[in-house]
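Colleague: Structure in structure tokens, see below.
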Number of protein chains: 2
Amino acid sequence: MKPSHIEHIGIAVKSLKDAIPFYEEVIGIKCYAVEEVPEQKVKTAFFKVGDTKIELLESTDPEGPVGKFIEKKGEGVHHMAFAVEGLADKLLLAEKRGIQLIDKTPRKGAEGLNIGFLHPKSTFGVLTELCENPNK
Amino acid sequence: MKPSHIEHIGIAVKSLKDAIPFYEEVIGIKCYAVEEVPEQKVKTAFFKVGDTKIELLESTDPEGPVGKFIEKKGEGVHHMAFAVEGLADKLLLAEKRGIQLIDKTPRKGAEGLNIGFLHPKSTFGVLTELCENPNK
């Protein structure tokens, strides 16, 4: 089954306060929520463009995943998420094809979605997330 | 004016031959075209998911922009493009806000679109493209 759309793009930034005005005033999309996600050690700002959300990610801890990403690679796109159906089967299929999984089975993510991450080592450098809406 | 959607995401890969099967067989989207773009020193594979295209970019020359990107940062998301209206005005506005422009005025891009790039130094690490369909 084909993914329906790109659910979101996660972008690592050093400072939400600095980056939000660029997206609001230059790109022209409004930030509709800012949330802290302590377990991911990030503060997130959400925008919507078409079917896709942009999530700016500011690290709250240099040892967290986004803090480490910025130290290694600098600011930039951190991950890309596809909206899929049949997430558990997709993860099984990926594993069968030799893809290194971060999540072998679906887990709960933001906004009630079930999610699973594929490791960028086997997805050509792009940390790839698959998301399923369980209420669809 | 708000962008209508993310027009495409450009992803730098070392080898189209290696990366295409991941997107086709694991993500589940079909490559519908492969084209060489000599002026950009890349070979590109196109996919569509929802309103957004994914463009895999394989460098044909280590001195080209994608070759240099991969040498510096490794494989990964190379740029993100928003579909906008009023591109020339958007570029003027960006410049007024202090954004460093790669293209000060629109130029012709792939598929008949008018395009302009903003420099990642002033867009928080994401090479950002604005695209306008002149036939809309």
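Labels for the structure tokens follow display order: chains A, B, ..., residues from 1 in each chain, ligands from 1.
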Return chain A as a compact mmCIF listing (two decimals) with N, CA, C and O atoms, in the first residue's frame, after superposing it on chain B by a least-squares fit that covers all C-alpha atoms paired in order.
Modeller:
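Here's the written file out_29.txt:
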# COMPACT_ATOMS: atom_id res chain seq x y z
N MET A 1 0.93 35.52 1.02
CA MET A 1 0.19 34.32 0.54
C MET A 1 0.91 33.06 1.02
O MET A 1 2.12 32.91 0.87
N LYS A 2 0.11 32.16 1.55
CA LYS A 2 0.62 30.90 2.08
C LYS A 2 1.01 29.95 0.95
O LYS A 2 0.27 29.86 -0.05
N PRO A 3 2.10 29.19 1.06
CA PRO A 3 2.38 28.17 0.04
C PRO A 3 1.25 27.12 0.07
O PRO A 3 0.67 26.86 1.12
N SER A 4 0.94 26.54 -1.09
CA SER A 4 -0.17 25.57 -1.13
C SER A 4 0.26 24.20 -0.62
O SER A 4 -0.54 23.46 -0.06
N HIS A 5 1.52 23.84 -0.83
CA HIS A 5 1.99 22.51 -0.40
C HIS A 5 3.51 22.44 -0.54
O HIS A 5 4.13 23.37 -1.08
N ILE A 6 4.08 21.35 -0.08
CA ILE A 6 5.50 21.12 -0.33
C ILE A 6 5.60 20.50 -1.72
O ILE A 6 5.07 19.42 -1.98
N GLU A 7 6.23 21.22 -2.63
CA GLU A 7 6.26 20.79 -4.03
C GLU A 7 7.15 19.55 -4.16
O GLU A 7 6.77 18.57 -4.79
N HIS A 8 8.35 19.63 -3.60
CA HIS A 8 9.21 18.44 -3.59
C HIS A 8 10.24 18.50 -2.50
O HIS A 8 10.48 19.55 -1.90
N ILE A 9 10.83 17.33 -2.26
CA ILE A 9 11.95 17.21 -1.34
C ILE A 9 13.08 16.56 -2.12
O ILE A 9 12.89 15.51 -2.73
N GLY A 10 14.22 17.22 -2.14
CA GLY A 10 15.39 16.70 -2.87
C GLY A 10 16.30 15.96 -1.89
O GLY A 10 16.66 16.51 -0.84
N ILE A 11 16.64 14.73 -2.22
CA ILE A 11 17.45 13.90 -1.32
C ILE A 11 18.72 13.47 -2.04
O ILE A 11 18.66 12.85 -3.12
N ALA A 12 19.86 13.81 -1.48
CA ALA A 12 21.15 13.44 -2.07
C ALA A 12 21.48 11.99 -1.72
O ALA A 12 21.50 11.63 -0.54
N VAL A 13 21.71 11.18 -2.76
CA VAL A 13 22.09 9.78 -2.53
C VAL A 13 23.35 9.48 -3.36
O VAL A 13 23.61 10.13 -4.36
N LYS A 14 24.09 8.49 -2.91
CA LYS A 14 25.29 8.13 -3.66
C LYS A 14 24.93 7.41 -4.95
O LYS A 14 25.62 7.53 -5.95
N SER A 15 23.87 6.60 -4.91
CA SER A 15 23.53 5.78 -6.06
C SER A 15 22.02 5.63 -6.21
O SER A 15 21.35 5.11 -5.30
N LEU A 16 21.50 6.10 -7.33
CA LEU A 16 20.06 5.92 -7.58
C LEU A 16 19.72 4.44 -7.62
O LEU A 16 18.68 4.01 -7.10
N LYS A 17 20.61 3.68 -8.23
CA LYS A 17 20.36 2.24 -8.40
C LYS A 17 20.15 1.55 -7.03
O LYS A 17 19.32 0.67 -6.89
N ASP A 18 20.92 2.00 -6.04
CA ASP A 18 20.76 1.41 -4.70
C ASP A 18 19.54 1.97 -3.97
O ASP A 18 18.88 1.25 -3.21
N ALA A 19 19.26 3.27 -4.17
CA ALA A 19 18.23 3.92 -3.35
C ALA A 19 16.81 3.70 -3.89
O ALA A 19 15.86 3.62 -3.10
N ILE A 20 16.65 3.60 -5.21
CA ILE A 20 15.30 3.48 -5.79
C ILE A 20 14.54 2.27 -5.21
O ILE A 20 13.37 2.40 -4.83
N PRO A 21 15.19 1.08 -5.09
CA PRO A 21 14.43 -0.06 -4.56
C PRO A 21 13.91 0.16 -3.14
O PRO A 21 12.85 -0.37 -2.79
N PHE A 22 14.63 0.93 -2.33
CA PHE A 22 14.11 1.22 -0.98
C PHE A 22 12.78 1.97 -1.08
O PHE A 22 11.79 1.59 -0.43
N TYR A 23 12.74 3.02 -1.88
CA TYR A 23 11.50 3.80 -1.98
C TYR A 23 10.39 2.99 -2.65
O TYR A 23 9.22 3.09 -2.28
N GLU A 24 10.75 2.19 -3.65
CA GLU A 24 9.71 1.42 -4.36
C GLU A 24 9.20 0.26 -3.51
O GLU A 24 7.99 0.06 -3.40
N GLU A 25 10.11 -0.49 -2.92
CA GLU A 25 9.70 -1.76 -2.31
C GLU A 25 9.37 -1.64 -0.83
O GLU A 25 8.53 -2.38 -0.32
N VAL A 26 10.03 -0.73 -0.14
CA VAL A 26 9.77 -0.60 1.31
C VAL A 26 8.76 0.52 1.56
O VAL A 26 7.73 0.31 2.22
N ILE A 27 9.00 1.70 1.02
CA ILE A 27 8.05 2.81 1.23
C ILE A 27 6.80 2.58 0.36
O ILE A 27 5.69 2.93 0.76
N GLY A 28 6.99 2.04 -0.83
CA GLY A 28 5.81 1.70 -1.65
C GLY A 28 5.40 2.76 -2.65
O GLY A 28 4.24 2.85 -3.03
N ILE A 29 6.35 3.60 -3.08
CA ILE A 29 6.04 4.59 -4.13
C ILE A 29 6.88 4.28 -5.35
O ILE A 29 8.01 3.83 -5.25
N LYS A 30 6.29 4.50 -6.53
CA LYS A 30 6.94 4.09 -7.78
C LYS A 30 7.74 5.24 -8.38
O LYS A 30 7.27 6.37 -8.46
N CYS A 31 8.92 4.93 -8.83
CA CYS A 31 9.72 5.90 -9.59
C CYS A 31 9.08 6.06 -10.96
O CYS A 31 8.91 5.08 -11.67
N TYR A 32 8.69 7.30 -11.31
CA TYR A 32 8.00 7.50 -12.61
C TYR A 32 8.90 8.13 -13.66
O TYR A 32 8.51 8.23 -14.82
N ALA A 33 10.09 8.57 -13.27
CA ALA A 33 11.01 9.14 -14.27
C ALA A 33 12.41 9.20 -13.70
O ALA A 33 12.59 9.41 -12.49
N VAL A 34 13.38 9.00 -14.58
CA VAL A 34 14.79 9.25 -14.23
C VAL A 34 15.33 10.17 -15.32
O VAL A 34 15.14 9.91 -16.50
N GLU A 35 15.96 11.27 -14.89
CA GLU A 35 16.45 12.25 -15.86
C GLU A 35 17.82 12.72 -15.45
O GLU A 35 18.08 12.90 -14.26
N GLU A 36 18.67 12.97 -16.45
CA GLU A 36 19.94 13.63 -16.14
C GLU A 36 19.77 15.13 -16.34
O GLU A 36 19.13 15.58 -17.28
N VAL A 37 20.30 15.91 -15.39
CA VAL A 37 20.25 17.38 -15.50
C VAL A 37 21.70 17.85 -15.51
O VAL A 37 22.30 18.10 -14.46
N PRO A 38 22.28 17.95 -16.74
CA PRO A 38 23.74 18.20 -16.82
C PRO A 38 24.15 19.49 -16.14
O PRO A 38 25.20 19.54 -15.48
N GLU A 39 23.32 20.55 -16.22
CA GLU A 39 23.75 21.83 -15.63
C GLU A 39 23.82 21.76 -14.10
O GLU A 39 24.54 22.54 -13.48
N GLN A 40 23.08 20.82 -13.49
CA GLN A 40 23.17 20.64 -12.04
C GLN A 40 24.11 19.48 -11.67
O GLN A 40 24.30 19.19 -10.48
N LYS A 41 24.64 18.82 -12.70
CA LYS A 41 25.55 17.69 -12.46
C LYS A 41 24.90 16.61 -11.59
O LYS A 41 25.52 16.13 -10.62
N VAL A 42 23.66 16.30 -11.92
CA VAL A 42 22.95 15.24 -11.20
C VAL A 42 22.12 14.39 -12.16
O VAL A 42 21.75 14.83 -13.25
N LYS A 43 21.85 13.18 -11.67
CA LYS A 43 20.84 12.33 -12.28
C LYS A 43 19.74 12.22 -11.22
O LYS A 43 20.03 12.01 -10.04
N THR A 44 18.49 12.40 -11.65
CA THR A 44 17.38 12.53 -10.71
C THR A 44 16.35 11.44 -10.93
O THR A 44 15.99 11.16 -12.07
N ALA A 45 15.86 10.86 -9.84
CA ALA A 45 14.75 9.91 -9.91
C ALA A 45 13.56 10.53 -9.19
O ALA A 45 13.69 11.02 -8.06
N PHE A 46 12.39 10.51 -9.84
CA PHE A 46 11.19 11.17 -9.32
C PHE A 46 10.16 10.17 -8.82
O PHE A 46 9.90 9.15 -9.47
N PHE A 47 9.55 10.52 -7.68
CA PHE A 47 8.46 9.74 -7.08
C PHE A 47 7.40 10.75 -6.65
O PHE A 47 7.70 11.91 -6.42
N LYS A 48 6.16 10.28 -6.48
CA LYS A 48 5.12 11.18 -6.00
C LYS A 48 4.44 10.55 -4.80
O LYS A 48 4.14 9.34 -4.81
N VAL A 49 4.21 11.35 -3.76
CA VAL A 49 3.47 10.87 -2.60
C VAL A 49 2.56 12.02 -2.15
O VAL A 49 3.04 13.08 -1.75
N GLY A 50 1.24 11.84 -2.28
CA GLY A 50 0.31 12.95 -2.06
C GLY A 50 0.62 14.04 -3.08
O GLY A 50 0.81 13.76 -4.26
N ASP A 51 0.67 15.28 -2.60
CA ASP A 51 0.94 16.42 -3.49
C ASP A 51 2.43 16.64 -3.71
O ASP A 51 2.82 17.57 -4.42
N THR A 52 3.26 15.84 -3.05
CA THR A 52 4.69 16.14 -2.97
C THR A 52 5.51 15.15 -3.80
O THR A 52 5.23 13.96 -3.79
N LYS A 53 6.50 15.67 -4.50
CA LYS A 53 7.43 14.78 -5.19
C LYS A 53 8.66 14.54 -4.32
O LYS A 53 9.10 15.42 -3.58
N ILE A 54 9.18 13.35 -4.44
CA ILE A 54 10.50 13.07 -3.86
C ILE A 54 11.45 12.97 -5.03
O ILE A 54 11.17 12.28 -6.01
N GLU A 55 12.55 13.70 -4.95
CA GLU A 55 13.55 13.67 -6.01
C GLU A 55 14.85 13.17 -5.43
O GLU A 55 15.48 13.84 -4.61
N LEU A 56 15.23 11.97 -5.83
CA LEU A 56 16.54 11.47 -5.42
C LEU A 56 17.58 12.04 -6.37
O LEU A 56 17.39 12.03 -7.59
N LEU A 57 18.68 12.53 -5.82
CA LEU A 57 19.70 13.21 -6.60
C LEU A 57 21.02 12.46 -6.47
O LEU A 57 21.59 12.39 -5.38
N GLU A 58 21.49 11.91 -7.60
CA GLU A 58 22.82 11.28 -7.62
C GLU A 58 23.75 12.21 -8.37
O GLU A 58 23.47 12.61 -9.50
N SER A 59 24.87 12.52 -7.75
CA SER A 59 25.83 13.42 -8.39
C SER A 59 26.51 12.72 -9.57
O SER A 59 26.86 11.55 -9.50
N THR A 60 26.71 13.47 -10.66
CA THR A 60 27.47 12.93 -11.79
C THR A 60 28.89 13.50 -11.82
O THR A 60 29.66 13.22 -12.72
N ASP A 61 29.21 14.32 -10.81
CA ASP A 61 30.53 14.98 -10.77
C ASP A 61 30.80 15.38 -9.32
O ASP A 61 30.02 16.13 -8.73
N PRO A 62 31.92 14.89 -8.74
CA PRO A 62 32.18 15.21 -7.31
C PRO A 62 32.29 16.71 -7.05
O PRO A 62 32.12 17.15 -5.90
N GLU A 63 32.53 17.50 -8.11
CA GLU A 63 32.61 18.97 -7.93
C GLU A 63 31.25 19.65 -8.05
O GLU A 63 31.15 20.87 -7.89
N GLY A 64 30.22 18.90 -8.41
CA GLY A 64 28.88 19.49 -8.53
C GLY A 64 28.27 19.72 -7.15
O GLY A 64 28.82 19.28 -6.13
N PRO A 65 27.14 20.44 -7.08
CA PRO A 65 26.56 20.81 -5.77
C PRO A 65 26.17 19.59 -4.92
O PRO A 65 26.37 19.62 -3.70
N VAL A 66 25.64 18.55 -5.55
CA VAL A 66 25.24 17.37 -4.76
C VAL A 66 26.47 16.55 -4.36
O VAL A 66 26.54 16.03 -3.24
N GLY A 67 27.45 16.48 -5.24
CA GLY A 67 28.70 15.79 -4.90
C GLY A 67 29.36 16.43 -3.68
O GLY A 67 29.78 15.75 -2.74
N LYS A 68 29.40 17.75 -3.68
CA LYS A 68 30.02 18.47 -2.55
C LYS A 68 29.20 18.31 -1.28
O LYS A 68 29.75 18.18 -0.18
N PHE A 69 27.88 18.33 -1.43
CA PHE A 69 26.99 18.15 -0.27
C PHE A 69 27.26 16.80 0.39
O PHE A 69 27.41 16.70 1.61
N ILE A 70 27.33 15.74 -0.43
CA ILE A 70 27.53 14.39 0.13
C ILE A 70 28.91 14.29 0.79
O ILE A 70 29.05 13.70 1.86
N GLU A 71 29.89 14.91 0.17
CA GLU A 71 31.23 14.86 0.78
C GLU A 71 31.23 15.52 2.16
O GLU A 71 31.84 15.03 3.10
N LYS A 72 30.50 16.62 2.28
CA LYS A 72 30.50 17.38 3.53
C LYS A 72 29.56 16.79 4.58
O LYS A 72 29.91 16.69 5.76
N LYS A 73 28.37 16.41 4.16
CA LYS A 73 27.32 16.05 5.12
C LYS A 73 26.90 14.59 5.04
O LYS A 73 26.14 14.12 5.89
N GLY A 74 27.29 13.90 3.98
CA GLY A 74 26.77 12.54 3.77
C GLY A 74 25.44 12.58 3.03
O GLY A 74 24.92 13.65 2.71
N GLU A 75 24.91 11.40 2.77
CA GLU A 75 23.61 11.32 2.12
C GLU A 75 22.54 11.93 3.04
O GLU A 75 22.68 11.88 4.26
N GLY A 76 21.47 12.44 2.45
CA GLY A 76 20.38 12.99 3.26
C GLY A 76 19.59 14.02 2.50
O GLY A 76 19.84 14.24 1.31
N VAL A 77 18.67 14.68 3.22
CA VAL A 77 17.82 15.68 2.55
C VAL A 77 18.68 16.85 2.12
O VAL A 77 19.40 17.44 2.92
N HIS A 78 18.62 17.18 0.84
CA HIS A 78 19.45 18.23 0.25
C HIS A 78 18.69 19.56 0.17
O HIS A 78 19.26 20.61 0.41
N HIS A 79 17.41 19.52 -0.18
CA HIS A 79 16.62 20.76 -0.19
C HIS A 79 15.13 20.46 -0.10
O HIS A 79 14.71 19.32 -0.31
N MET A 80 14.39 21.50 0.21
CA MET A 80 12.94 21.39 0.39
C MET A 80 12.32 22.54 -0.40
O MET A 80 12.79 23.68 -0.31
N ALA A 81 11.29 22.22 -1.20
CA ALA A 81 10.70 23.23 -2.09
C ALA A 81 9.23 23.46 -1.77
O ALA A 81 8.45 22.51 -1.69
N PHE A 82 8.86 24.72 -1.61
CA PHE A 82 7.47 25.10 -1.36
C PHE A 82 6.83 25.61 -2.65
O PHE A 82 7.46 26.36 -3.39
N ALA A 83 5.58 25.20 -2.91
CA ALA A 83 4.81 25.73 -4.04
C ALA A 83 4.17 27.04 -3.61
O ALA A 83 3.38 27.06 -2.67
N VAL A 84 4.54 28.12 -4.30
CA VAL A 84 4.04 29.45 -3.90
C VAL A 84 3.39 30.15 -5.08
O VAL A 84 3.56 29.75 -6.23
N GLU A 85 2.67 31.21 -4.79
CA GLU A 85 2.25 32.18 -5.81
C GLU A 85 2.97 33.48 -5.53
O GLU A 85 3.31 33.77 -4.40
N GLY A 86 3.22 34.25 -6.60
CA GLY A 86 3.88 35.55 -6.41
C GLY A 86 5.34 35.38 -6.04
O GLY A 86 5.85 36.01 -5.11
N LEU A 87 6.02 34.52 -6.79
CA LEU A 87 7.42 34.18 -6.45
C LEU A 87 8.34 35.40 -6.41
O LEU A 87 9.13 35.55 -5.47
N ALA A 88 8.23 36.27 -7.42
CA ALA A 88 9.14 37.43 -7.47
C ALA A 88 8.98 38.27 -6.20
O ALA A 88 9.98 38.70 -5.59
N ASP A 89 7.74 38.49 -5.78
CA ASP A 89 7.49 39.28 -4.57
C ASP A 89 8.00 38.56 -3.32
O ASP A 89 8.51 39.19 -2.39
N LYS A 90 7.86 37.25 -3.30
CA LYS A 90 8.36 36.46 -2.16
C LYS A 90 9.88 36.62 -2.03
O LYS A 90 10.41 36.73 -0.92
N LEU A 91 10.57 36.60 -3.18
CA LEU A 91 12.03 36.75 -3.13
C LEU A 91 12.41 38.16 -2.65
O LEU A 91 13.33 38.32 -1.85
N LEU A 92 11.68 39.15 -3.13
CA LEU A 92 11.93 40.53 -2.67
C LEU A 92 11.73 40.65 -1.17
O LEU A 92 12.55 41.24 -0.46
N LEU A 93 10.63 40.07 -0.71
CA LEU A 93 10.31 40.11 0.73
C LEU A 93 11.42 39.42 1.53
O LEU A 93 11.88 39.94 2.56
N ALA A 94 11.85 38.26 1.05
CA ALA A 94 12.90 37.52 1.76
C ALA A 94 14.16 38.38 1.86
O ALA A 94 14.79 38.47 2.92
N GLU A 95 14.50 39.03 0.76
CA GLU A 95 15.71 39.87 0.77
C GLU A 95 15.56 41.01 1.77
O GLU A 95 16.49 41.32 2.52
N LYS A 96 14.39 41.63 1.78
CA LYS A 96 14.13 42.73 2.74
C LYS A 96 14.29 42.28 4.18
O LYS A 96 14.69 43.05 5.04
N ARG A 97 13.93 41.01 4.44
CA ARG A 97 14.04 40.48 5.79
C ARG A 97 15.44 39.99 6.11
O ARG A 97 15.65 39.33 7.12
N GLY A 98 16.38 40.22 5.17
CA GLY A 98 17.77 39.88 5.47
C GLY A 98 18.15 38.46 5.12
O GLY A 98 19.22 37.98 5.52
N ILE A 99 17.29 37.75 4.37
CA ILE A 99 17.62 36.38 3.95
C ILE A 99 18.60 36.45 2.77
O ILE A 99 18.39 37.22 1.83
N GLN A 100 19.62 35.63 2.84
CA GLN A 100 20.59 35.57 1.73
C GLN A 100 19.98 34.76 0.59
O GLN A 100 19.56 33.62 0.78
N LEU A 101 19.88 35.37 -0.60
CA LEU A 101 19.25 34.71 -1.74
C LEU A 101 20.31 34.10 -2.66
O LEU A 101 21.34 34.71 -2.92
N ILE A 102 20.03 32.92 -3.15
CA ILE A 102 20.86 32.35 -4.22
C ILE A 102 20.36 32.90 -5.55
O ILE A 102 21.15 33.21 -6.43
N ASP A 103 19.04 33.06 -5.67
CA ASP A 103 18.43 33.66 -6.87
C ASP A 103 17.67 34.91 -6.46
O ASP A 103 16.68 34.81 -5.72
N LYS A 104 18.13 36.06 -6.96
CA LYS A 104 17.45 37.31 -6.56
C LYS A 104 16.14 37.49 -7.32
O LYS A 104 15.23 38.19 -6.86
N THR A 105 16.06 36.87 -8.49
CA THR A 105 14.82 36.92 -9.26
C THR A 105 14.53 35.50 -9.75
O THR A 105 15.43 34.66 -9.82
N PRO A 106 13.26 35.21 -10.11
CA PRO A 106 12.91 33.86 -10.53
C PRO A 106 13.69 33.42 -11.77
O PRO A 106 14.01 34.24 -12.64
N ARG A 107 14.03 32.14 -11.81
CA ARG A 107 14.63 31.56 -13.02
C ARG A 107 13.87 30.28 -13.36
O ARG A 107 13.11 29.77 -12.54
N LYS A 108 14.11 29.78 -14.56
CA LYS A 108 13.41 28.57 -15.00
C LYS A 108 14.01 27.34 -14.32
O LYS A 108 15.23 27.16 -14.31
N GLY A 109 13.14 26.50 -13.79
CA GLY A 109 13.59 25.24 -13.21
C GLY A 109 13.01 24.07 -13.99
O GLY A 109 12.52 24.24 -15.11
N ALA A 110 13.02 22.90 -13.37
CA ALA A 110 12.51 21.69 -14.02
C ALA A 110 10.99 21.79 -14.20
O ALA A 110 10.32 22.55 -13.49
N GLU A 111 10.48 21.05 -15.15
CA GLU A 111 9.03 20.91 -15.38
C GLU A 111 8.33 22.25 -15.60
O GLU A 111 7.16 22.41 -15.22
N GLY A 112 9.04 23.23 -16.17
CA GLY A 112 8.42 24.50 -16.52
C GLY A 112 8.11 25.42 -15.35
O GLY A 112 7.47 26.46 -15.52
N LEU A 113 8.57 25.05 -14.15
CA LEU A 113 8.31 25.91 -12.99
C LEU A 113 9.30 27.08 -12.94
O LEU A 113 10.44 26.95 -13.40
N ASN A 114 8.86 28.20 -12.41
CA ASN A 114 9.78 29.27 -12.04
C ASN A 114 10.23 29.03 -10.61
O ASN A 114 9.41 28.70 -9.76
N ILE A 115 11.52 29.21 -10.38
CA ILE A 115 12.05 28.84 -9.06
C ILE A 115 13.03 29.89 -8.54
O ILE A 115 13.56 30.71 -9.30
N GLY A 116 13.24 29.86 -7.24
CA GLY A 116 14.28 30.66 -6.61
C GLY A 116 14.73 29.97 -5.34
O GLY A 116 13.91 29.40 -4.62
N PHE A 117 16.05 29.99 -5.10
CA PHE A 117 16.60 29.33 -3.91
C PHE A 117 17.02 30.35 -2.85
O PHE A 117 17.59 31.41 -3.18
N LEU A 118 16.77 30.01 -1.60
CA LEU A 118 17.25 30.79 -0.46
C LEU A 118 18.42 30.05 0.16
O LEU A 118 18.40 28.81 0.25
N HIS A 119 19.42 30.79 0.59
CA HIS A 119 20.65 30.15 1.08
C HIS A 119 20.45 29.53 2.46
O HIS A 119 19.91 30.18 3.36
N PRO A 120 20.93 28.28 2.64
CA PRO A 120 20.71 27.60 3.93
C PRO A 120 21.35 28.33 5.12
O PRO A 120 20.93 28.12 6.26
N LYS A 121 22.33 29.21 4.85
CA LYS A 121 22.92 29.97 5.97
C LYS A 121 21.90 30.86 6.64
O LYS A 121 22.02 31.15 7.82
N SER A 122 20.91 31.34 5.88
CA SER A 122 19.92 32.19 6.54
C SER A 122 18.56 31.52 6.64
O SER A 122 17.58 32.17 7.01
N THR A 123 18.48 30.23 6.36
CA THR A 123 17.20 29.52 6.50
C THR A 123 17.36 28.33 7.45
O THR A 123 16.75 27.28 7.25
N PHE A 124 18.22 28.48 8.44
CA PHE A 124 18.35 27.51 9.53
C PHE A 124 18.72 26.12 9.00
O PHE A 124 18.18 25.11 9.42
N GLY A 125 19.67 26.14 8.07
CA GLY A 125 20.29 24.88 7.63
C GLY A 125 19.57 24.15 6.51
O GLY A 125 20.10 23.17 5.99
N VAL A 126 18.37 24.61 6.14
CA VAL A 126 17.63 23.91 5.08
C VAL A 126 17.70 24.73 3.79
O VAL A 126 17.14 25.83 3.73
N LEU A 127 18.39 24.20 2.79
CA LEU A 127 18.38 24.84 1.48
C LEU A 127 16.92 24.86 1.03
O LEU A 127 16.29 23.81 0.89
N THR A 128 16.37 26.07 0.84
CA THR A 128 14.92 26.23 0.63
C THR A 128 14.66 26.77 -0.76
O THR A 128 15.25 27.77 -1.16
N GLU A 129 13.79 26.07 -1.47
CA GLU A 129 13.43 26.48 -2.83
C GLU A 129 11.98 26.95 -2.82
O GLU A 129 11.14 26.36 -2.14
N LEU A 130 11.70 28.01 -3.56
CA LEU A 130 10.32 28.43 -3.79
C LEU A 130 10.02 28.21 -5.26
O LEU A 130 10.83 28.56 -6.12
N CYS A 131 8.88 27.57 -5.57
CA CYS A 131 8.52 27.23 -6.95
C CYS A 131 7.17 27.83 -7.27
O CYS A 131 6.25 27.74 -6.46
N GLU A 132 7.05 28.35 -8.47
CA GLU A 132 5.75 28.85 -8.93
C GLU A 132 5.42 28.25 -10.27
O GLU A 132 6.26 28.22 -11.17
N ASN A 133 4.19 27.78 -10.39
CA ASN A 133 3.71 27.27 -11.67
C ASN A 133 3.17 28.45 -12.47
O ASN A 133 2.14 29.03 -12.10
N PRO A 134 3.84 28.84 -13.59
CA PRO A 134 3.40 30.04 -14.31
C PRO A 134 2.09 29.82 -15.06
O PRO A 134 1.48 30.78 -15.53
N ASN A 135 1.64 28.59 -15.18
CA ASN A 135 0.40 28.30 -15.92
C ASN A 135 -0.81 28.21 -15.01
O ASN A 135 -1.88 27.76 -15.41
N LYS A 136 -0.65 28.60 -13.77
CA LYS A 136 -1.78 28.51 -12.83
C LYS A 136 -2.52 29.83 -12.74
O LYS A 136 -1.89 30.89 -12.77
Colleague: When DSSP is applied to the backbone of this structure, which of region 10-73 of chain A are assigned alpha helix (DSSP H)? Write them out as an NGL selection string.
Modeller: :A and (16-21 or 65-73)
Colleague: Can you tell me, as an MDAnalysis selection string, which residues in region 58-87 of chain B count as strand (DSSP E) by DSSP?
Modeller: chainID B and resid 58:59 76:83
